[in-house]
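For reference, final09.cif (mmCIF, C-alpha atoms and all ligand atoms):
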```
data_upload
#
loop_
_atom_site.group_PDB
_atom_site.id
_atom_site.type_symbol
_atom_site.label_atom_id
_atom_site.label_comp_id
_atom_site.auth_asym_id
_atom_site.auth_seq_id
_atom_site.Cartn_x
_atom_site.Cartn_y
_atom_site.Cartn_z
ATOM 1 C CA MET A 877 -6.324 16.992 30.574
ATOM 2 C CA GLU A 878 -3.020 15.093 30.870
ATOM 3 C CA PRO A 879 0.159 17.047 29.870
ATOM 4 C CA HIS A 880 0.720 17.290 26.099
ATOM 5 C CA THR A 881 3.633 18.585 24.009
ATOM 6 C CA THR A 882 2.724 20.685 20.977
ATOM 7 C CA PHE A 883 4.820 20.645 17.808
ATOM 8 C CA ALA A 884 4.214 23.326 15.164
ATOM 9 C CA THR A 885 5.074 21.426 12.001
ATOM 10 C CA ALA A 886 6.717 24.532 10.480
ATOM 11 C CA ASP A 887 9.361 24.284 13.256
ATOM 12 C CA LEU A 888 10.087 20.572 12.675
ATOM 13 C CA ASP A 889 12.608 19.139 10.246
ATOM 14 C CA ALA A 890 11.260 16.644 7.712
ATOM 15 C CA THR A 891 12.489 13.564 9.585
ATOM 16 C CA ASN A 892 10.936 14.493 12.923
ATOM 17 C CA CYS A 893 7.698 15.488 11.222
ATOM 18 C CA TYR A 894 7.623 12.128 9.403
ATOM 19 C CA LYS A 895 8.332 10.232 12.638
ATOM 20 C CA LEU A 896 5.565 11.997 14.564
ATOM 21 C CA LEU A 897 3.022 11.619 11.765
ATOM 22 C CA THR A 898 3.702 7.980 10.978
ATOM 23 C CA GLY A 899 3.968 7.083 14.663
ATOM 24 C CA LEU A 900 0.507 8.470 15.296
ATOM 25 C CA VAL A 901 -1.449 7.574 12.161
ATOM 26 C CA THR A 902 -1.382 3.870 12.935
ATOM 27 C CA PRO A 903 -1.838 1.179 11.965
ATOM 28 C CA ARG A 904 -1.601 2.004 8.269
ATOM 29 C CA PRO A 905 -2.675 -0.518 5.648
ATOM 30 C CA ILE A 906 0.004 -1.640 3.237
ATOM 31 C CA GLY A 907 -0.567 -1.402 -0.500
ATOM 32 C CA TRP A 908 1.802 -3.939 -2.025
ATOM 33 C CA ILE A 909 1.956 -2.406 -5.472
ATOM 34 C CA GLY A 910 2.565 -4.474 -8.610
ATOM 35 C CA THR A 911 3.437 -2.676 -11.869
ATOM 36 C CA LYS A 912 4.979 -3.511 -15.221
ATOM 37 C CA GLY A 913 7.889 -1.443 -16.561
ATOM 38 C CA ALA A 914 8.090 -0.300 -20.177
ATOM 39 C CA ASP A 915 10.771 -2.979 -20.639
ATOM 40 C CA GLY A 916 8.297 -5.643 -19.466
ATOM 41 C CA ILE A 917 9.974 -6.147 -16.070
ATOM 42 C CA ASP A 918 7.523 -6.884 -13.249
ATOM 43 C CA ASN A 919 7.941 -4.517 -10.286
ATOM 44 C CA LEU A 920 6.690 -4.941 -6.728
ATOM 45 C CA ALA A 921 7.029 -2.675 -3.667
ATOM 46 C CA PRO A 922 5.113 -1.882 -0.457
ATOM 47 C CA TYR A 923 3.516 1.505 0.243
ATOM 48 C CA SER A 924 1.904 2.382 3.572
ATOM 49 C CA PHE A 925 0.911 5.875 2.521
ATOM 50 C CA PHE A 926 -1.974 3.879 1.079
ATOM 51 C CA ASN A 927 -5.701 3.585 1.569
ATOM 52 C CA ALA A 928 -9.115 2.934 0.038
ATOM 53 C CA ILE A 929 -10.886 6.277 -0.282
ATOM 54 C CA SER A 930 -14.142 5.633 -2.156
ATOM 55 C CA ALA A 931 -16.456 2.737 -2.954
ATOM 56 C CA GLU A 932 -18.330 4.427 -5.822
ATOM 57 C CA PRO A 933 -16.284 4.398 -7.924
ATOM 58 C CA PRO A 934 -14.063 1.976 -5.972
ATOM 59 C CA THR A 935 -10.851 3.968 -5.523
ATOM 60 C CA VAL A 936 -7.519 3.488 -3.761
ATOM 61 C CA LEU A 937 -4.428 5.685 -3.595
ATOM 62 C CA PHE A 938 -0.774 5.375 -2.718
ATOM 63 C CA SER A 939 1.809 8.093 -2.216
ATOM 64 C CA VAL A 940 5.365 7.779 -3.454
ATOM 65 C CA GLY A 941 8.306 9.823 -2.148
ATOM 66 C CA ILE A 942 9.942 11.428 -5.198
ATOM 67 C CA GLY A 943 12.390 13.765 -3.436
ATOM 68 C CA HIS A 944 15.560 11.983 -4.614
ATOM 69 C CA HIS A 945 14.287 10.062 -7.629
ATOM 70 C CA VAL A 946 10.946 8.845 -8.959
ATOM 71 C CA LYS A 947 10.502 5.330 -7.592
ATOM 72 C CA ASP A 948 9.711 2.545 -10.056
ATOM 73 C CA SER A 949 6.138 2.010 -8.811
ATOM 74 C CA ALA A 950 5.215 5.627 -9.543
ATOM 75 C CA ALA A 951 7.043 5.750 -12.873
ATOM 76 C CA ASN A 952 5.490 2.486 -14.055
ATOM 77 C CA ALA A 953 1.953 3.229 -12.819
ATOM 78 C CA VAL A 954 1.922 6.647 -14.480
ATOM 79 C CA ALA A 955 3.450 5.379 -17.748
ATOM 80 C CA SER A 956 1.253 2.267 -18.050
ATOM 81 C CA GLY A 957 -1.874 3.639 -16.344
ATOM 82 C CA GLU A 958 -2.202 0.438 -14.309
ATOM 83 C CA PHE A 959 -1.203 -1.181 -11.027
ATOM 84 C CA THR A 960 -2.240 -3.968 -8.712
ATOM 85 C CA VAL A 961 -2.658 -3.870 -4.943
ATOM 86 C CA ASN A 962 -1.770 -7.107 -3.176
ATOM 87 C CA ILE A 963 -2.988 -7.593 0.382
ATOM 88 C CA VAL A 964 -0.229 -8.359 2.903
ATOM 89 C CA THR A 965 -1.018 -11.032 5.490
ATOM 90 C CA ASP A 966 0.824 -13.220 8.008
ATOM 91 C CA GLU A 967 1.839 -15.543 5.155
ATOM 92 C CA THR A 968 3.439 -12.876 2.933
ATOM 93 C CA VAL A 969 4.760 -10.214 5.323
ATOM 94 C CA GLU A 970 8.385 -11.431 5.183
ATOM 95 C CA ALA A 971 8.341 -11.466 1.375
ATOM 96 C CA MET A 972 6.750 -8.009 1.378
ATOM 97 C CA ASN A 973 9.702 -6.706 3.382
ATOM 98 C CA VAL A 974 12.167 -8.179 0.893
ATOM 99 C CA THR A 975 10.456 -6.305 -1.958
ATOM 100 C CA ALA A 976 11.109 -2.971 -0.197
ATOM 101 C CA GLY A 977 14.770 -3.191 -1.250
ATOM 102 C CA GLU A 978 15.802 -0.351 -3.577
ATOM 103 C CA HIS A 979 16.475 -2.431 -6.677
ATOM 104 C CA PRO A 980 17.166 -0.880 -10.107
ATOM 105 C CA PRO A 981 14.322 -1.080 -12.656
ATOM 106 C CA HIS A 982 15.820 -4.059 -14.555
ATOM 107 C CA ILE A 983 15.641 -6.250 -11.413
ATOM 108 C CA SER A 984 12.238 -7.763 -10.631
ATOM 109 C CA GLU A 985 11.405 -7.835 -6.913
ATOM 110 C CA PHE A 986 9.274 -10.919 -7.676
ATOM 111 C CA ASP A 987 12.524 -12.787 -8.441
ATOM 112 C CA VAL A 988 14.411 -11.312 -5.488
ATOM 113 C CA ALA A 989 11.654 -12.349 -3.045
ATOM 114 C CA GLY A 990 10.874 -15.692 -4.691
ATOM 115 C CA LEU A 991 7.317 -14.660 -5.517
ATOM 116 C CA THR A 992 5.216 -15.689 -8.507
ATOM 117 C CA PRO A 993 3.913 -12.975 -10.851
ATOM 118 C CA LEU A 994 0.320 -13.785 -11.816
ATOM 119 C CA PRO A 995 -1.234 -12.086 -14.873
ATOM 120 C CA SER A 996 -4.183 -9.822 -14.158
ATOM 121 C CA THR A 997 -7.520 -10.348 -15.874
ATOM 122 C CA LEU A 998 -8.376 -6.806 -17.045
ATOM 123 C CA ILE A 999 -5.016 -5.019 -16.962
ATOM 124 C CA ASP A 1000 -1.395 -5.852 -17.755
ATOM 125 C CA ALA A 1001 0.166 -5.281 -14.296
ATOM 126 C CA PRO A 1002 1.253 -8.384 -12.359
ATOM 127 C CA ARG A 1003 -0.433 -9.731 -9.240
ATOM 128 C CA VAL A 1004 1.295 -11.665 -6.445
ATOM 129 C CA ALA A 1005 0.093 -15.272 -6.793
ATOM 130 C CA GLU A 1006 0.939 -15.928 -3.119
ATOM 131 C CA ALA A 1007 -1.243 -13.025 -1.874
ATOM 132 C CA THR A 1008 -4.607 -13.903 -0.320
ATOM 133 C CA ALA A 1009 -6.282 -11.074 -2.239
ATOM 134 C CA GLN A 1010 -5.431 -8.722 -5.086
ATOM 135 C CA LEU A 1011 -6.989 -5.615 -6.626
ATOM 136 C CA GLU A 1012 -6.584 -4.663 -10.284
ATOM 137 C CA CYS A 1013 -6.498 -0.868 -10.710
ATOM 138 C CA ARG A 1014 -6.485 1.663 -13.531
ATOM 139 C CA VAL A 1015 -4.842 5.005 -12.724
ATOM 140 C CA SER A 1016 -7.605 7.614 -12.431
ATOM 141 C CA ASP A 1017 -5.621 10.628 -11.183
ATOM 142 C CA VAL A 1018 -2.103 11.727 -10.245
ATOM 143 C CA HIS A 1019 -1.441 14.532 -7.786
ATOM 144 C CA ASP A 1020 1.967 15.896 -6.742
ATOM 145 C CA ILE A 1021 2.413 17.212 -3.192
ATOM 146 C CA VAL A 1022 4.761 20.215 -3.217
ATOM 147 C CA SER A 1023 7.027 20.933 -0.232
ATOM 148 C CA SER A 1024 7.972 24.370 1.120
ATOM 149 C CA ASN A 1025 10.991 24.581 -1.219
ATOM 150 C CA GLY A 1026 8.616 24.444 -4.176
ATOM 151 C CA GLU A 1027 9.634 20.964 -5.269
ATOM 152 C CA ALA A 1028 7.333 17.953 -5.465
ATOM 153 C CA SER A 1029 7.984 15.636 -2.501
ATOM 154 C CA ASN A 1030 5.368 12.954 -3.084
ATOM 155 C CA ARG A 1031 3.409 11.685 -6.083
ATOM 156 C CA VAL A 1032 -0.053 10.453 -5.133
ATOM 157 C CA ILE A 1033 -1.454 7.887 -7.541
ATOM 158 C CA PHE A 1034 -5.189 7.273 -7.525
ATOM 159 C CA GLY A 1035 -6.546 4.077 -9.033
ATOM 160 C CA GLU A 1036 -10.027 2.858 -9.850
ATOM 161 C CA VAL A 1037 -10.374 -0.759 -8.788
ATOM 162 C CA VAL A 1038 -11.656 -2.741 -11.768
ATOM 163 C CA ALA A 1039 -11.341 -6.270 -10.380
ATOM 164 C CA ILE A 1040 -11.108 -7.801 -6.894
ATOM 165 C CA HIS A 1041 -9.681 -11.293 -6.369
ATOM 166 C CA VAL A 1042 -10.108 -12.989 -2.979
ATOM 167 C CA ALA A 1043 -9.144 -16.479 -1.792
ATOM 168 C CA ASP A 1044 -12.338 -18.468 -1.169
ATOM 169 C CA ARG A 1045 -11.116 -19.539 2.285
ATOM 170 C CA VAL A 1046 -11.471 -15.944 3.653
ATOM 171 C CA LEU A 1047 -14.749 -15.204 1.839
ATOM 172 C CA ASP A 1048 -18.286 -15.382 3.202
ATOM 173 C CA GLY A 1049 -20.292 -14.395 0.108
ATOM 174 C CA THR A 1050 -19.174 -10.821 -0.542
ATOM 175 C CA ARG A 1051 -17.963 -10.367 3.053
ATOM 176 C CA ILE A 1052 -14.369 -10.774 4.179
ATOM 177 C CA ARG A 1053 -13.635 -12.826 7.327
ATOM 178 C CA PRO A 1054 -10.983 -10.639 9.051
ATOM 179 C CA ASP A 1055 -10.110 -13.441 11.473
ATOM 180 C CA LEU A 1056 -9.120 -15.563 8.474
ATOM 181 C CA LEU A 1057 -7.605 -12.806 6.312
ATOM 182 C CA ARG A 1058 -5.225 -11.659 9.072
ATOM 183 C CA SER A 1059 -3.990 -8.572 7.208
ATOM 184 C CA ILE A 1060 -0.880 -6.815 8.482
ATOM 185 C CA GLY A 1061 -0.777 -3.140 9.462
ATOM 186 C CA ARG A 1062 2.268 -0.916 9.547
ATOM 187 C CA MET A 1063 3.211 1.041 12.636
ATOM 188 C CA ALA A 1064 6.265 3.357 12.555
ATOM 189 C CA GLY A 1065 9.617 2.417 11.006
ATOM 190 C CA SER A 1066 10.048 -1.353 10.990
ATOM 191 C CA GLY A 1067 7.102 -1.925 13.354
ATOM 192 C CA TYR A 1068 3.992 -3.864 12.287
ATOM 193 C CA THR A 1069 0.820 -5.163 13.885
ATOM 194 C CA LYS A 1070 -1.255 -8.282 13.279
ATOM 195 C CA THR A 1071 -5.020 -8.128 12.975
ATOM 196 C CA GLY A 1072 -6.104 -11.707 13.585
ATOM 197 C CA ASP A 1073 -6.123 -11.415 17.367
ATOM 198 C CA GLY A 1074 -7.758 -8.532 19.213
ATOM 199 C CA LEU A 1075 -10.594 -8.064 16.719
ATOM 200 C CA PHE A 1076 -13.827 -6.802 18.270
ATOM 201 C CA GLN A 1077 -17.231 -5.487 17.219
ATOM 202 C CA LEU A 1078 -18.744 -2.109 18.128
ATOM 203 C CA GLU A 1079 -22.320 -1.455 17.016
ATOM 204 C CA ARG A 1080 -23.012 2.113 15.868
ATOM 205 C CA PRO A 1081 -25.615 4.258 17.634
ATOM 206 C CA THR A 1082 -29.014 4.165 15.941
ATOM 207 C CA VAL A 1083 -29.642 7.905 16.410
HETATM 208 C C1 LIG B 1 5.946 -1.399 4.898
HETATM 209 C C2 LIG B 1 6.583 -0.381 4.002
HETATM 210 C C3 LIG B 1 5.853 0.713 3.588
HETATM 211 C C4 LIG B 1 6.424 1.670 2.740
HETATM 212 N N1 LIG B 1 5.681 2.749 2.366
HETATM 213 C C5 LIG B 1 6.192 3.663 1.514
HETATM 214 C C6 LIG B 1 5.402 4.779 1.115
HETATM 215 O O1 LIG B 1 4.238 4.938 1.501
HETATM 216 N N2 LIG B 1 5.967 5.662 0.245
HETATM 217 C C7 LIG B 1 7.233 5.492 -0.241
HETATM 218 O O2 LIG B 1 7.682 6.318 -1.050
HETATM 219 N N3 LIG B 1 7.992 4.437 0.116
HETATM 220 C C8 LIG B 1 7.498 3.523 0.980
HETATM 221 N N4 LIG B 1 8.255 2.439 1.359
HETATM 222 C C9 LIG B 1 9.588 2.256 0.745
HETATM 223 C C10 LIG B 1 9.470 1.614 -0.653
HETATM 224 O O3 LIG B 1 8.828 0.351 -0.573
HETATM 225 C C11 LIG B 1 10.885 1.415 -1.217
HETATM 226 O O4 LIG B 1 11.467 2.693 -1.446
HETATM 227 C C12 LIG B 1 10.907 0.586 -2.498
HETATM 228 O O5 LIG B 1 12.242 0.252 -2.817
HETATM 229 C C13 LIG B 1 10.294 1.301 -3.680
HETATM 230 O O6 LIG B 1 10.365 0.413 -4.763
HETATM 231 P P1 LIG B 1 10.055 0.813 -6.279
HETATM 232 O O7 LIG B 1 11.128 1.792 -6.724
HETATM 233 O O8 LIG B 1 10.142 -0.486 -6.977
HETATM 234 O O9 LIG B 1 8.690 1.435 -6.310
HETATM 235 C C14 LIG B 1 7.748 1.503 2.264
HETATM 236 C C15 LIG B 1 8.497 0.389 2.689
HETATM 237 C C16 LIG B 1 7.932 -0.532 3.562
HETATM 238 C C17 LIG B 1 8.729 -1.714 4.017
#
```
Please, can you express the file's structure as structure tokens?
Amino acid sequence: MEPHTTFATADLDATNCYKLLTGLVTPRPIGWIGTKGADGIDNLAPYSFFNAISAEPPTVLFSVGIGHHVKDSAANAVASGEFTVNIVTDETVEAMNVTAGEHPPHISEFDVAGLTPLPSTLIDAPRVAEATAQLECRVSDVHDIVSSNGEASNRVIFGEVVAIHVADRVLDGTRIRPDLLRSIGRMAGSGYTKTGDGLFQLERPTV
């Protein structure tokens, strides 16, 4: 075995632990989360502690750091019970980055990034009209992760997907053409990876 370094996470500070974890668990999908505030302001922000975790019922989750303050996406999703997930691709990655700015709740990141809020069909949260695909979600569970000091560090929001919208140009029936979707993955920090090139197939063993 090649030489390895072992880190006991109890001996690491939070930043180093975060850097190791997010540098290794890569690439991470990006949930570009659309919510509506109680004041009617459309909110949009990216979350890469995000994934799809079940198909029956179709379920996604995203995890929001709430150490300093509860971010708008978490506050809005919990209060309204709804959010959208917008898929980030080559075409929208720059705009996605703009929406990561820490804007106060009365500022809509749609306006800041020059994006068009599109009404959902089954819920009230906004979709990104420019996104190649969008999921409409109803909050199905909320779970707080508690750190060693006893305080909640992250709020995990689970959502049941109630509608899936996909641009026809990347669809083959109910299958997605990954070479045409070209979704973006997040590496660590400000690093990203493209998925259009380097795709390959690996058939599973039959036994
Ligand atoms: C690609 C990317 C992924 C991010 N993932 C997360 C995440 O998983 N959890 C989190 O709390 N913040 C994450 N952030 C930071 C939030 O997007 C940022 O704090 C944003 O301002 C939150 O906006 P909101 O208050 O409108 O929800 C991420 C930022 C970027 C650029």
Around all listed atoms of ligand LIG 1 (chain B), padded 6 Å per side, what centre and edge lengths does the axis-aligned box have in Å to one decimal, as lines of an AutoDock Vina configuration file?
```
center_x = 8.2
center_y = 2.3
center_z = -1.0
size_x = 20.0
size_y = 20.0
size_z = 23.9
```
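You can rank A:Ala1009, A:Ala1028, A:Ile917, A:Leu1057 by their closest distance to Asp987 in chain A using only C-alpha atoms, and at the top of that list sits A:Ile917.
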Please provide the set of residues having any atom within 7 Å of Ala1001 in chain A, restricted to all atoms listed in the file, with same-chain residues fewer than 6 positions apart removed, written as a PyMOL selection string.
chain A and resi 910-912+958-960+995
Emit the selected residues as a short mmCIF file (atom, residue, chain, number, x, y, z; two decimals), in the coordinates of the input, including C-alpha atoms.
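Here's the written file again07.cif:
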```
data_model
loop_
_atom_site.label_atom_id
_atom_site.label_comp_id
_atom_site.auth_asym_id
_atom_site.auth_seq_id
_atom_site.Cartn_x
_atom_site.Cartn_y
_atom_site.Cartn_z
CA GLY A 910 2.56 -4.47 -8.61
CA THR A 911 3.44 -2.68 -11.87
CA LYS A 912 4.98 -3.51 -15.22
CA GLU A 958 -2.20 0.44 -14.31
CA PHE A 959 -1.20 -1.18 -11.03
CA THR A 960 -2.24 -3.97 -8.71
CA PRO A 995 -1.23 -12.09 -14.87
#
```
Just give me the residues with any atom within 10 Å of (-0.1, 3.4, 15.7), file coordinates, counting all atoms listed in the file, written as JSON, numbers by chain.
{"A": [897, 898, 899, 900, 901, 902, 903, 904, 1061, 1062, 1063, 1064, 1067, 1068, 1069]}
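Among all protein and nucleic acid residues, the ones that lie within 6 Å of ligand LIG 1 (chain B) when counting all atoms listed in the file are Asn919, Leu920, Ala921, Pro922, Tyr923, Ser924, Phe925, Ser939, Val940, Gly941, Lys947, Asp948, Ser949, Asn973, Ala976, Gly977, Glu978 and Arg1062 of chain A.
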